[in-house]
file run-v8.cif (mmCIF, C-alpha atoms)
data_data
loop_
_atom_site.group_PDB
_atom_site.id
_atom_site.type_symbol
_atom_site.label_atom_id
_atom_site.label_comp_id
_atom_site.auth_asym_id
_atom_site.auth_seq_id
_atom_site.Cartn_x
_atom_site.Cartn_y
_atom_site.Cartn_z
ATOM 1 C CA MET Q 1 116.092 116.723 -86.790
ATOM 2 C CA GLY Q 2 118.266 117.128 -83.699
ATOM 3 C CA GLY Q 3 120.153 114.412 -81.857
ATOM 4 C CA TYR Q 4 117.529 111.652 -81.676
ATOM 5 C CA GLN Q 5 118.408 108.064 -82.419
ATOM 6 C CA ALA Q 6 115.547 106.244 -84.131
ATOM 7 C CA GLU Q 7 115.839 102.482 -84.207
ATOM 8 C CA GLU Q 8 114.058 101.044 -87.256
ATOM 9 C CA PHE Q 9 113.266 97.346 -87.172
ATOM 10 C CA LYS Q 10 112.542 97.094 -90.909
ATOM 11 C CA THR Q 11 115.093 98.679 -93.207
ATOM 12 C CA GLU Q 12 112.989 98.155 -96.340
ATOM 13 C CA GLU Q 13 110.797 101.186 -96.917
ATOM 14 C CA LEU Q 14 107.133 100.250 -97.451
ATOM 15 C CA ARG Q 15 105.219 102.680 -99.586
ATOM 16 C CA ALA Q 16 101.626 103.270 -98.487
ATOM 17 C CA GLY Q 17 99.147 101.120 -100.381
ATOM 18 C CA GLU Q 18 101.822 98.994 -102.047
ATOM 19 C CA LEU Q 19 102.303 95.443 -100.760
ATOM 20 C CA HIS Q 20 104.603 92.796 -102.186
ATOM 21 C CA THR Q 21 103.022 89.456 -103.100
ATOM 22 C CA GLY Q 22 104.105 87.603 -99.956
ATOM 23 C CA GLU Q 23 103.107 90.463 -97.727
ATOM 24 C CA LYS Q 24 99.766 90.833 -99.488
ATOM 25 C CA ASP Q 25 98.925 87.181 -98.866
ATOM 26 C CA PHE Q 26 100.032 87.404 -95.231
ATOM 27 C CA TYR Q 27 98.105 90.621 -94.622
ATOM 28 C CA GLY Q 28 94.949 89.220 -96.171
ATOM 29 C CA GLU Q 29 95.101 86.148 -93.933
ATOM 30 C CA LEU Q 30 96.035 88.200 -90.854
ATOM 31 C CA THR Q 31 92.963 90.403 -91.220
ATOM 32 C CA THR Q 32 90.456 87.961 -92.703
ATOM 33 C CA ARG Q 33 88.570 87.500 -89.424
ATOM 34 C CA ASN Q 34 88.121 91.284 -89.159
ATOM 35 C CA LYS Q 35 85.577 91.102 -91.976
ATOM 36 C CA GLY Q 36 82.070 91.943 -90.931
ATOM 37 C CA VAL Q 37 83.341 94.203 -88.140
ATOM 38 C CA VAL Q 38 86.036 96.227 -89.895
ATOM 39 C CA SER Q 39 84.821 97.410 -93.292
ATOM 40 C CA PRO Q 40 87.013 97.041 -96.414
ATOM 41 C CA GLY Q 41 87.513 100.801 -96.452
ATOM 42 C CA GLU Q 42 88.545 100.867 -92.807
ATOM 43 C CA GLN Q 43 90.930 97.953 -93.359
ATOM 44 C CA ALA Q 44 92.594 99.773 -96.239
ATOM 45 C CA VAL Q 45 93.044 102.856 -94.076
ATOM 46 C CA LEU Q 46 94.574 100.791 -91.264
ATOM 47 C CA ARG Q 47 96.932 99.136 -93.736
ATOM 48 C CA ASP Q 48 98.247 102.446 -95.021
ATOM 49 C CA ALA Q 49 98.243 104.542 -91.832
ATOM 50 C CA THR Q 50 101.131 105.322 -89.511
ATOM 51 C CA VAL Q 51 100.270 105.324 -85.814
ATOM 52 C CA LEU Q 52 102.406 107.108 -83.246
ATOM 53 C CA VAL Q 53 102.280 105.566 -79.775
ATOM 54 C CA ALA Q 54 104.038 107.950 -77.413
ATOM 55 C CA GLY Q 55 104.595 106.190 -74.115
ATOM 56 C CA CYS Q 56 104.557 102.398 -74.356
ATOM 57 C CA GLY Q 57 103.854 101.490 -70.752
ATOM 58 C CA SER Q 58 100.508 100.882 -69.077
ATOM 59 C CA ILE Q 59 98.374 102.942 -71.455
ATOM 60 C CA GLY Q 60 100.211 103.148 -74.751
ATOM 61 C CA GLY Q 61 101.600 99.642 -74.484
ATOM 62 C CA ALA Q 62 98.084 98.244 -74.129
ATOM 63 C CA ALA Q 63 97.136 99.723 -77.511
ATOM 64 C CA VAL Q 64 100.104 98.512 -79.555
ATOM 65 C CA GLU Q 65 99.237 94.819 -79.815
ATOM 66 C CA PRO Q 66 95.513 95.169 -80.684
ATOM 67 C CA LEU Q 67 96.375 97.781 -83.310
ATOM 68 C CA ALA Q 68 98.936 95.453 -84.878
ATOM 69 C CA ARG Q 69 96.429 92.589 -84.872
ATOM 70 C CA LEU Q 70 93.763 94.820 -86.424
ATOM 71 C CA GLY Q 71 96.103 95.493 -89.320
ATOM 72 C CA VAL Q 72 98.162 98.604 -88.628
ATOM 73 C CA ARG Q 73 101.526 97.886 -90.240
ATOM 74 C CA SER Q 74 103.391 101.161 -89.683
ATOM 75 C CA PHE Q 75 104.222 102.319 -86.149
ATOM 76 C CA VAL Q 76 106.273 105.030 -84.516
ATOM 77 C CA LEU Q 77 106.953 104.087 -80.884
ATOM 78 C CA ALA Q 78 108.490 106.386 -78.280
ATOM 79 C CA ASP Q 79 109.313 105.846 -74.609
ATOM 80 C CA PRO Q 80 112.424 106.724 -72.576
ATOM 81 C CA GLY Q 81 111.582 104.276 -69.792
ATOM 82 C CA THR Q 82 112.675 100.735 -69.067
ATOM 83 C CA TYR Q 83 110.579 97.960 -67.558
ATOM 84 C CA GLU Q 84 110.644 97.364 -63.815
ATOM 85 C CA VAL Q 85 109.277 94.363 -61.957
ATOM 86 C CA ASN Q 86 106.356 96.430 -60.623
ATOM 87 C CA ASN Q 87 105.263 97.042 -64.245
ATOM 88 C CA LEU Q 88 104.623 93.351 -64.878
ATOM 89 C CA ASN Q 89 101.244 93.340 -63.116
ATOM 90 C CA ARG Q 90 99.686 95.255 -66.025
ATOM 91 C CA GLN Q 91 102.113 96.044 -68.865
ATOM 92 C CA SER Q 92 102.891 93.974 -71.970
ATOM 93 C CA ALA Q 93 106.216 92.623 -70.797
ATOM 94 C CA ALA Q 94 107.799 89.547 -69.278
ATOM 95 C CA ALA Q 95 110.409 89.151 -66.555
ATOM 96 C CA THR Q 96 113.059 88.849 -69.265
ATOM 97 C CA ASP Q 97 112.163 92.391 -70.404
ATOM 98 C CA VAL Q 98 113.054 94.038 -67.087
ATOM 99 C CA ASP Q 99 115.604 96.834 -67.627
ATOM 100 C CA ARG Q 100 114.852 96.904 -71.376
ATOM 101 C CA ASN Q 101 113.440 99.952 -73.155
ATOM 102 C CA LYS Q 102 109.634 99.825 -73.377
ATOM 103 C CA ALA Q 103 109.387 101.132 -76.934
ATOM 104 C CA THR Q 104 111.966 98.623 -78.147
ATOM 105 C CA VAL Q 105 110.057 95.733 -76.578
ATOM 106 C CA ALA Q 106 106.792 96.997 -78.085
ATOM 107 C CA GLY Q 107 108.440 97.171 -81.506
ATOM 108 C CA GLU Q 108 109.580 93.580 -81.226
ATOM 109 C CA ARG Q 109 106.043 92.550 -80.309
ATOM 110 C CA VAL Q 110 104.681 94.236 -83.446
ATOM 111 C CA GLU Q 111 107.207 92.433 -85.628
ATOM 112 C CA ALA Q 112 106.410 89.126 -83.957
ATOM 113 C CA ILE Q 113 102.764 89.611 -84.976
ATOM 114 C CA ASN Q 114 103.443 90.971 -88.458
ATOM 115 C CA PRO Q 115 106.966 90.379 -89.817
ATOM 116 C CA HIS Q 116 106.183 92.789 -92.666
ATOM 117 C CA ALA Q 117 105.449 95.683 -90.329
ATOM 118 C CA ARG Q 118 107.516 98.853 -90.314
ATOM 119 C CA VAL Q 119 108.453 100.146 -86.875
ATOM 120 C CA LYS Q 120 110.490 103.156 -85.849
ATOM 121 C CA VAL Q 121 111.552 103.301 -82.214
ATOM 122 C CA PHE Q 122 112.561 106.439 -80.318
ATOM 123 C CA PRO Q 123 114.042 105.319 -76.980
ATOM 124 C CA GLU Q 124 114.513 108.987 -76.016
ATOM 125 C CA GLY Q 125 110.739 109.480 -75.866
ATOM 126 C CA VAL Q 126 109.051 112.786 -76.663
ATOM 127 C CA THR Q 127 111.601 115.602 -76.537
ATOM 128 C CA GLU Q 128 112.217 118.872 -78.330
ATOM 129 C CA ASP Q 129 114.782 117.021 -80.472
ATOM 130 C CA THR Q 130 112.572 114.068 -81.420
ATOM 131 C CA ALA Q 131 109.168 115.739 -81.603
ATOM 132 C CA ALA Q 132 109.199 116.773 -85.260
ATOM 133 C CA ALA Q 133 110.378 113.347 -86.400
ATOM 134 C CA LEU Q 134 107.785 111.601 -84.232
ATOM 135 C CA VAL Q 135 104.786 113.332 -85.744
ATOM 136 C CA GLY Q 136 106.235 113.926 -89.215
ATOM 137 C CA ASP Q 137 104.600 110.989 -90.977
ATOM 138 C CA CYS Q 138 101.968 109.868 -88.493
ATOM 139 C CA ASP Q 139 98.218 109.979 -89.087
ATOM 140 C CA ILE Q 140 97.028 109.612 -85.498
ATOM 141 C CA ILE Q 141 98.525 109.689 -82.007
ATOM 142 C CA VAL Q 142 98.002 107.432 -79.023
ATOM 143 C CA ASP Q 143 99.235 109.412 -76.022
ATOM 144 C CA GLY Q 144 100.483 107.189 -73.225
ATOM 145 C CA VAL Q 145 103.083 109.624 -71.896
ATOM 146 C CA ASP Q 146 103.606 109.128 -68.161
ATOM 147 C CA VAL Q 147 102.764 112.164 -66.035
ATOM 148 C CA THR Q 148 104.153 111.143 -62.655
ATOM 149 C CA THR Q 149 106.768 113.881 -63.085
ATOM 150 C CA MET Q 150 106.693 117.428 -64.406
ATOM 151 C CA ASP Q 151 109.034 116.372 -67.213
ATOM 152 C CA GLY Q 152 106.321 113.953 -68.249
ATOM 153 C CA TRP Q 153 103.718 116.700 -68.239
ATOM 154 C CA ARG Q 154 105.961 118.895 -70.399
ATOM 155 C CA ALA Q 155 106.470 116.057 -72.873
ATOM 156 C CA LYS Q 156 102.725 115.394 -72.975
ATOM 157 C CA HIS Q 157 101.892 119.047 -73.546
ATOM 158 C CA LEU Q 158 104.496 119.256 -76.316
ATOM 159 C CA LEU Q 159 102.891 116.234 -77.955
ATOM 160 C CA HIS Q 160 99.459 117.856 -77.837
ATOM 161 C CA ARG Q 161 100.788 121.108 -79.277
ATOM 162 C CA LEU Q 162 102.297 119.192 -82.187
ATOM 163 C CA ALA Q 163 99.046 117.283 -82.698
ATOM 164 C CA LEU Q 164 97.220 120.606 -82.845
ATOM 165 C CA GLU Q 165 99.751 122.009 -85.290
ATOM 166 C CA ARG Q 166 99.364 118.976 -87.560
ATOM 167 C CA ARG Q 167 95.579 118.731 -87.043
ATOM 168 C CA LEU Q 168 95.844 115.124 -85.911
ATOM 169 C CA PRO Q 169 93.385 113.200 -83.754
ATOM 170 C CA LEU Q 170 94.869 112.094 -80.442
ATOM 171 C CA VAL Q 171 93.586 109.521 -77.953
ATOM 172 C CA THR Q 172 94.807 109.303 -74.383
ATOM 173 C CA GLY Q 173 93.590 107.666 -71.203
ATOM 174 C CA TRP Q 174 93.888 107.287 -67.478
ATOM 175 C CA ASP Q 175 93.902 104.107 -65.394
ATOM 176 C CA ILE Q 176 91.966 105.069 -62.267
ATOM 177 C CA ALA Q 177 91.871 102.110 -59.869
ATOM 178 C CA GLY Q 178 89.154 99.878 -61.373
ATOM 179 C CA ALA Q 179 88.066 102.355 -64.050
ATOM 180 C CA GLN Q 180 89.319 103.516 -67.429
ATOM 181 C CA TYR Q 181 88.790 107.074 -68.649
ATOM 182 C CA VAL Q 182 89.581 107.497 -72.350
ATOM 183 C CA ARG Q 183 89.782 111.002 -73.768
ATOM 184 C CA CYS Q 184 89.879 111.846 -77.464
ATOM 185 C CA TYR Q 185 91.279 115.227 -78.388
ATOM 186 C CA ASP Q 186 90.378 115.466 -82.043
ATOM 187 C CA TYR Q 187 92.662 118.260 -83.161
ATOM 188 C CA ARG Q 188 91.067 118.282 -86.570
ATOM 189 C CA TYR Q 189 88.421 120.354 -84.804
ATOM 190 C CA ILE Q 190 89.755 121.360 -81.350
ATOM 191 C CA LYS Q 191 91.625 124.656 -81.389
ATOM 192 C CA GLU Q 192 93.685 124.508 -78.171
ATOM 193 C CA PRO Q 193 95.880 121.863 -76.499
ATOM 194 C CA PHE Q 194 93.827 119.832 -74.022
ATOM 195 C CA ASP Q 195 90.796 121.717 -75.349
ATOM 196 C CA GLY Q 196 91.901 124.715 -73.299
ATOM 197 C CA ALA Q 197 92.009 122.892 -69.949
ATOM 198 C CA ILE Q 198 95.816 123.039 -69.593
ATOM 199 C CA ALA Q 199 97.865 125.892 -71.070
ATOM 200 C CA GLU Q 200 101.614 125.786 -71.591
ATOM 201 C CA ALA Q 201 102.034 128.481 -68.928
ATOM 202 C CA ASP Q 202 100.310 126.202 -66.404
ATOM 203 C CA LEU Q 203 103.322 123.864 -66.518
ATOM 204 C CA ASP Q 204 105.409 126.470 -64.708
ATOM 205 C CA ARG Q 205 102.873 127.409 -62.033
ATOM 206 C CA LEU Q 206 100.900 124.269 -61.216
ATOM 207 C CA THR Q 207 101.908 120.996 -59.577
ATOM 208 C CA SER Q 208 101.390 117.540 -61.070
ATOM 209 C CA TRP Q 209 98.357 117.070 -58.828
ATOM 210 C CA GLN Q 210 96.789 120.366 -59.932
ATOM 211 C CA LEU Q 211 97.325 119.482 -63.591
ATOM 212 C CA LEU Q 212 95.785 116.079 -62.989
ATOM 213 C CA LEU Q 213 92.686 117.676 -61.502
ATOM 214 C CA ARG Q 214 92.305 119.643 -64.729
ATOM 215 C CA ALA Q 215 92.843 116.625 -66.971
ATOM 216 C CA VAL Q 216 90.499 114.145 -65.264
ATOM 217 C CA PRO Q 217 87.031 115.348 -64.231
ATOM 218 C CA LEU Q 218 86.239 114.387 -60.641
ATOM 219 C CA ARG Q 219 83.003 112.711 -61.751
ATOM 220 C CA TYR Q 220 85.124 110.009 -63.395
ATOM 221 C CA VAL Q 221 87.122 109.123 -60.282
ATOM 222 C CA PRO Q 222 85.788 105.890 -58.709
ATOM 223 C CA VAL Q 223 85.330 105.422 -54.989
ATOM 224 C CA GLU Q 224 88.473 103.285 -54.563
ATOM 225 C CA MET Q 225 90.607 106.084 -55.971
ATOM 226 C CA LEU Q 226 88.864 108.750 -53.903
ATOM 227 C CA VAL Q 227 89.870 106.875 -50.753
ATOM 228 C CA GLU Q 228 93.450 106.581 -52.049
ATOM 229 C CA VAL Q 229 93.604 110.251 -52.991
ATOM 230 C CA LYS Q 230 92.295 111.288 -49.562
ATOM 231 C CA ALA Q 231 95.265 109.553 -47.957
ATOM 232 C CA ASN Q 232 97.894 110.690 -50.474
ATOM 233 C CA LEU Q 233 96.751 113.994 -51.953
ATOM 234 C CA GLY Q 234 99.666 116.248 -52.737
ATOM 235 C CA ARG Q 235 102.411 113.643 -52.266
ATOM 236 C CA PRO Q 236 104.856 114.072 -55.180
ATOM 237 C CA ASP Q 237 106.152 110.508 -54.760
ATOM 238 C CA TYR Q 238 102.756 108.815 -54.800
ATOM 239 C CA SER Q 239 102.139 106.071 -57.384
ATOM 240 C CA PHE Q 240 98.524 105.441 -58.343
ATOM 241 C CA PRO Q 241 97.237 101.855 -58.167
ATOM 242 C CA GLN Q 242 96.918 100.301 -61.638
ATOM 243 C CA VAL Q 243 95.730 96.823 -62.601
ATOM 244 C CA THR Q 244 95.909 94.788 -65.780
ATOM 245 C CA TYR Q 245 92.245 94.595 -66.744
ATOM 246 C CA VAL Q 246 91.893 98.367 -66.694
ATOM 247 C CA ALA Q 247 94.975 98.819 -68.892
ATOM 248 C CA LEU Q 248 93.606 96.196 -71.295
ATOM 249 C CA MET Q 249 90.350 98.165 -71.409
ATOM 250 C CA PHE Q 250 92.277 101.129 -72.799
ATOM 251 C CA GLY Q 251 93.725 98.961 -75.549
ATOM 252 C CA ALA Q 252 90.287 97.642 -76.476
ATOM 253 C CA LEU Q 253 88.572 101.033 -76.540
ATOM 254 C CA THR Q 254 91.398 102.926 -78.181
ATOM 255 C CA SER Q 255 92.043 100.442 -80.988
ATOM 256 C CA HIS Q 256 88.393 100.731 -82.040
ATOM 257 C CA MET Q 257 88.478 104.525 -81.791
ATOM 258 C CA VAL Q 258 91.631 104.629 -83.928
ATOM 259 C CA VAL Q 259 89.848 102.670 -86.674
ATOM 260 C CA LYS Q 260 87.006 105.170 -86.721
ATOM 261 C CA LEU Q 261 89.168 108.283 -86.477
ATOM 262 C CA LEU Q 262 91.495 107.146 -89.262
ATOM 263 C CA SER Q 263 88.450 106.585 -91.446
ATOM 264 C CA GLY Q 264 87.431 110.224 -90.993
ATOM 265 C CA ALA Q 265 84.668 109.622 -88.465
ATOM 266 C CA THR Q 266 84.227 111.312 -85.115
ATOM 267 C CA VAL Q 267 83.994 109.506 -81.787
ATOM 268 C CA ARG Q 268 82.778 110.443 -78.347
ATOM 269 C CA PRO Q 269 85.332 112.753 -76.719
ATOM 270 C CA GLU Q 270 85.022 110.902 -73.404
ATOM 271 C CA VAL Q 271 84.520 107.196 -72.755
ATOM 272 C CA TYR Q 272 84.402 105.925 -69.181
ATOM 273 C CA ILE Q 273 84.060 102.353 -67.972
ATOM 274 C CA ASP Q 274 84.196 101.408 -64.291
ATOM 275 C CA VAL Q 275 84.963 97.697 -64.465
ATOM 276 C CA HIS Q 276 84.289 97.148 -60.774
ATOM 277 C CA GLN Q 277 80.938 98.902 -60.834
ATOM 278 C CA GLN Q 278 79.859 96.994 -63.943
ATOM 279 C CA ALA Q 279 80.468 93.694 -62.166
ATOM 280 C CA ARG Q 280 78.770 94.599 -58.873
ATOM 281 C CA SER Q 281 75.262 93.477 -57.979
ATOM 282 C CA ASN Q 282 72.511 96.101 -57.929
ATOM 283 C CA ARG Q 283 72.664 96.267 -54.131
ATOM 284 C CA GLN Q 284 76.438 96.723 -54.195
ATOM 285 C CA ARG Q 285 76.108 99.441 -56.834
ATOM 286 C CA VAL Q 286 73.799 101.463 -54.604
ATOM 287 C CA THR Q 287 76.097 101.015 -51.616
ATOM 288 C CA THR Q 288 79.096 102.093 -53.691
ATOM 289 C CA ARG Q 289 77.332 105.256 -54.848
ATOM 290 C CA LEU Q 290 76.639 106.175 -51.236
ATOM 291 C CA ARG Q 291 80.252 105.476 -50.279
ATOM 292 C CA ARG Q 292 81.378 107.692 -53.149
ATOM 293 C CA VAL Q 293 79.296 110.630 -51.909
ATOM 294 C CA ALA Q 294 80.809 110.250 -48.448
ATOM 295 C CA ALA Q 295 84.335 109.967 -49.856
ATOM 296 C CA LEU Q 296 83.867 113.104 -51.960
ATOM 297 C CA ALA Q 297 82.627 115.032 -48.946
ATOM 298 C CA ALA Q 298 85.685 113.985 -46.944
ATOM 299 C CA LEU Q 299 88.035 114.856 -49.804
ATOM 300 C CA ALA Q 300 86.504 118.210 -50.729
ATOM 301 C CA PRO Q 301 88.459 120.428 -48.286
ATOM 302 C CA GLY Q 302 91.792 119.012 -49.439
ATOM 303 C CA LEU Q 303 90.878 119.370 -53.102
ATOM 304 C CA LEU Q 304 89.800 122.966 -52.581
ATOM 305 C CA LYS Q 305 93.038 123.784 -50.789
ATOM 306 C CA LEU Q 306 95.082 122.115 -53.515
ATOM 307 C CA ALA Q 307 93.194 123.902 -56.294
ATOM 308 C CA ARG Q 308 93.968 127.200 -54.575
ATOM 309 C CA GLY Q 309 97.666 126.419 -54.490
ATOM 310 C CA GLY Q 310 98.082 124.785 -51.090
ATOM 311 C CA LYS Q 311 99.574 121.385 -50.390
ATOM 312 C CA GLY Q 312 96.239 119.645 -49.933
ATOM 313 C CA ILE Q 313 95.575 117.068 -47.265
#

call {"tool": "encode", "arguments": {"input": "run-v8.cif", "output": "structure tokens"}}
result
Amino acid sequence: MGGYQAEEFKTEELRAGELHTGEKDFYGELTTRNKGVVSPGEQAVLRDATVLVAGCGSIGGAAVEPLARLGVRSFVLADPGTYEVNNLNRQSAAATDVDRNKATVAGERVEAINPHARVKVFPEGVTEDTAAALVGDCDIIVDGVDVTTMDGWRAKHLLHRLALERRLPLVTGWDIAGAQYVRCYDYRYIKEPFDGAIAEADLDRLTSWQLLLRAVPLRYVPVEMLVEVKANLGRPDYSFPQVTYVALMFGALTSHMVVKLLSGATVRPEVYIDVHQQARSNRQRVTTRLRRVAALAALAPGLLKLARGGKGI
């Protein structure tokens, strides 16, 4: 298995489908208000499934708590990062969690919700050493791996290759200013990592920005982000703006998609919600669309240069 160190919060092994009396009563009460929305069959699947959340920060961390409350009781959590103060505006952490490992904190949150849950924590994140153990028993993957560095992109691509190898559905997402873009790569049916958009060889010849342009279609980038990108395109040290309600949107959308995917259903491969645009008046919506056209026109030369291998704007 390599040199990984997996921290397991529950030492008692829970066999799928087999609950002790106390746990059965607790689980029934925990999930009783799901009835009428989550079917009995879906609830049974959630109870017995193992969910891998790789990256427990803004994206992955937003999915952990709703999945635990829906009734997932077996998690594998991986993240090499620790909380910083600038994470607290959107991530599931408190000031007392600063400098603590994100996956460890997420595991504690799961146990606080369901003391019968089984959680394995990999504070090394997704690496060549941990990869096989991460996906070994999981039934679905939530990909929240950070891609602000090339190491992050390599870890993400490795995760997708393993999902393809295991034929597992994978859900990932992107906080884009006031919008959330959720992407499902259902590797039960897709035949290439990232559905062919990003090859392993691309990791050695493209920059983080060029990979990002392949991962997120430009039509899903809201006007606020277009303005930001115009000013910062190509900067390797640039941090995208992210806010709490967009991260929470990922948790809401993804937890529902996980229910459906675990039950054998298919879901839309792309789900996009622009929170800001949804809340604007009709007049403001029209104005924003016009601003977006102008912002795209101003950004186009830099994007073209970047796509061709230049440094962009």

call {"tool": "atom_distance", "arguments": {"input": "run-v8.cif", "atom1": "atom CA of Q:Gly57", "atom2": "atom CA of Q:Glu200"}}
result
24.4 Å

call {"tool": "closest_residue", "arguments": {"input": "run-v8.cif", "among": "Q:Ala106, Q:Ile198, Q:Val142, Q:Leu19", "to": "Q:Ala163", "atoms": "all atoms listed in the file"}}
result
Q:Val142

call {"tool": "axis_aligned_box", "arguments": {"input": "run-v8.cif", "around": "stretch 52-58 of chain Q", "padding_each_side": "5 Å", "output": "AutoDock Vina command-line options"}}
result
--center_x 102.6 --center_y 104.4 --center_z -76.2 --size_x 14.1 --size_y 17.1 --size_z 24.2

call {"tool": "resolve_selection", "arguments": {"input": "run-v8.cif", "expression": "the PyMOL selection byres ((chain Q and resi 30) around 10)", "output": "mmCIF file with C-alpha atoms, in the frame of the given file"}}
result
data_model
loop_
_atom_site.group_PDB
_atom_site.id
_atom_site.type_symbol
_atom_site.label_atom_id
_atom_site.label_comp_id
_atom_site.auth_asym_id
_atom_site.auth_seq_id
_atom_site.Cartn_x
_atom_site.Cartn_y
_atom_site.Cartn_z
ATOM 1 C CA LYS Q 24 99.766 90.833 -99.488
ATOM 2 C CA ASP Q 25 98.925 87.181 -98.866
ATOM 3 C CA PHE Q 26 100.032 87.404 -95.231
ATOM 4 C CA TYR Q 27 98.105 90.621 -94.622
ATOM 5 C CA GLY Q 28 94.949 89.220 -96.171
ATOM 6 C CA GLU Q 29 95.101 86.148 -93.933
ATOM 7 C CA THR Q 31 92.963 90.403 -91.220
ATOM 8 C CA THR Q 32 90.456 87.961 -92.703
ATOM 9 C CA ARG Q 33 88.570 87.500 -89.424
ATOM 10 C CA ASN Q 34 88.121 91.284 -89.159
ATOM 11 C CA ALA Q 68 98.936 95.453 -84.878
ATOM 12 C CA ARG Q 69 96.429 92.589 -84.872
ATOM 13 C CA LEU Q 70 93.763 94.820 -86.424
ATOM 14 C CA GLY Q 71 96.103 95.493 -89.320
ATOM 15 C CA ILE Q 113 102.764 89.611 -84.976
ATOM 16 C CA ASN Q 114 103.443 90.971 -88.458
#

call {"tool": "residues_around", "arguments": {"input": "run-v8.cif", "residues": "Q:Val182", "least_positions_apart": "3", "cutoff": "6 Å", "atoms": "all atoms listed in the file", "output": "ChimeraX atom specification"}}
result
/Q:172-173,270-271

call {"tool": "closest_residue", "arguments": {"input": "run-v8.cif", "among": "Q:Leu67, Q:Leu159, Q:Val126, Q:Leu226", "to": "Q:Arg292", "atoms": "only C-alpha atoms"}}
result
Q:Leu226

call {"tool": "residues_around", "arguments": {"input": "run-v8.cif", "residues": "stretch 211-222 of chain Q", "least_positions_apart": "3", "cutoff": "7 Å", "atoms": "all atoms listed in the file", "output": "PyMOL selection string"}}
result
chain Q and resi 176+179+197-198+206-208+225-226

call {"tool": "resolve_selection", "arguments": {"input": "run-v8.cif", "expression": "the PyMOL selection byres ((chain Q and resi 125) around 9)", "output": "list in words"}}
result
Ala54, Gly55, Leu77, Ala78, Asp79, Pro80, Gly81, Ala103, Val121, Phe122, Pro123, Glu124, Val126, Thr127, Thr130, Ala131, Val145 and Ala155 of chain Q

call {"tool": "decode", "arguments": {"input": "run-v8.cif", "residues": "stretch 151-162 of chain Q", "atoms": "N, CA, C and O atoms", "output": "mmCIF file, in the first residue's frame"}}
result
data_model
loop_
_atom_site.group_PDB
_atom_site.id
_atom_site.type_symbol
_atom_site.label_atom_id
_atom_site.label_comp_id
_atom_site.auth_asym_id
_atom_site.auth_seq_id
_atom_site.Cartn_x
_atom_site.Cartn_y
_atom_site.Cartn_z
ATOM 1 N N ASP Q 151 1.060 20.384 -8.861
ATOM 2 C CA ASP Q 151 0.958 19.168 -8.054
ATOM 3 C C ASP Q 151 -0.507 18.809 -7.824
ATOM 4 O O ASP Q 151 -0.868 17.632 -7.824
ATOM 5 N N GLY Q 152 -1.331 19.825 -7.623
ATOM 6 C CA GLY Q 152 -2.752 19.585 -7.467
ATOM 7 C C GLY Q 152 -3.371 19.006 -8.725
ATOM 8 O O GLY Q 152 -4.187 18.081 -8.664
ATOM 9 N N TRP Q 153 -2.984 19.537 -9.872
ATOM 10 C CA TRP Q 153 -3.507 19.002 -11.129
ATOM 11 C C TRP Q 153 -3.083 17.541 -11.328
ATOM 12 O O TRP Q 153 -3.867 16.716 -11.801
ATOM 13 N N ARG Q 154 -1.852 17.221 -10.953
ATOM 14 C CA ARG Q 154 -1.391 15.834 -11.106
ATOM 15 C C ARG Q 154 -2.162 14.898 -10.177
ATOM 16 O O ARG Q 154 -2.509 13.776 -10.556
ATOM 17 N N ALA Q 155 -2.431 15.364 -8.961
ATOM 18 C CA ALA Q 155 -3.218 14.556 -8.031
ATOM 19 C C ALA Q 155 -4.645 14.376 -8.552
ATOM 20 O O ALA Q 155 -5.214 13.282 -8.466
ATOM 21 N N LYS Q 156 -5.216 15.430 -9.094
ATOM 22 C CA LYS Q 156 -6.581 15.340 -9.626
ATOM 23 C C LYS Q 156 -6.641 14.376 -10.807
ATOM 24 O O LYS Q 156 -7.562 13.562 -10.903
ATOM 25 N N HIS Q 157 -5.664 14.475 -11.691
ATOM 26 C CA HIS Q 157 -5.677 13.591 -12.865
ATOM 27 C C HIS Q 157 -5.493 12.136 -12.441
ATOM 28 O O HIS Q 157 -6.133 11.230 -12.989
ATOM 29 N N LEU Q 158 -4.625 11.903 -11.460
ATOM 30 C CA LEU Q 158 -4.446 10.549 -10.933
ATOM 31 C C LEU Q 158 -5.767 10.022 -10.379
ATOM 32 O O LEU Q 158 -6.134 8.863 -10.615
ATOM 33 N N LEU Q 159 -6.480 10.858 -9.664
ATOM 34 C CA LEU Q 159 -7.769 10.457 -9.103
ATOM 35 C C LEU Q 159 -8.749 10.074 -10.204
ATOM 36 O O LEU Q 159 -9.465 9.067 -10.093
ATOM 37 N N HIS Q 160 -8.783 10.835 -11.267
ATOM 38 C CA HIS Q 160 -9.697 10.534 -12.374
ATOM 39 C C HIS Q 160 -9.280 9.257 -13.104
ATOM 40 O O HIS Q 160 -10.143 8.484 -13.536
ATOM 41 N N ARG Q 161 -8.000 9.023 -13.232
ATOM 42 C CA ARG Q 161 -7.552 7.779 -13.868
ATOM 43 C C ARG Q 161 -7.965 6.571 -13.041
ATOM 44 O O ARG Q 161 -8.390 5.537 -13.581
ATOM 45 N N LEU Q 162 -7.866 6.687 -11.728
ATOM 46 C CA LEU Q 162 -8.280 5.590 -10.853
ATOM 47 C C LEU Q 162 -9.791 5.392 -10.893
ATOM 48 O O LEU Q 162 -10.276 4.260 -10.858
#
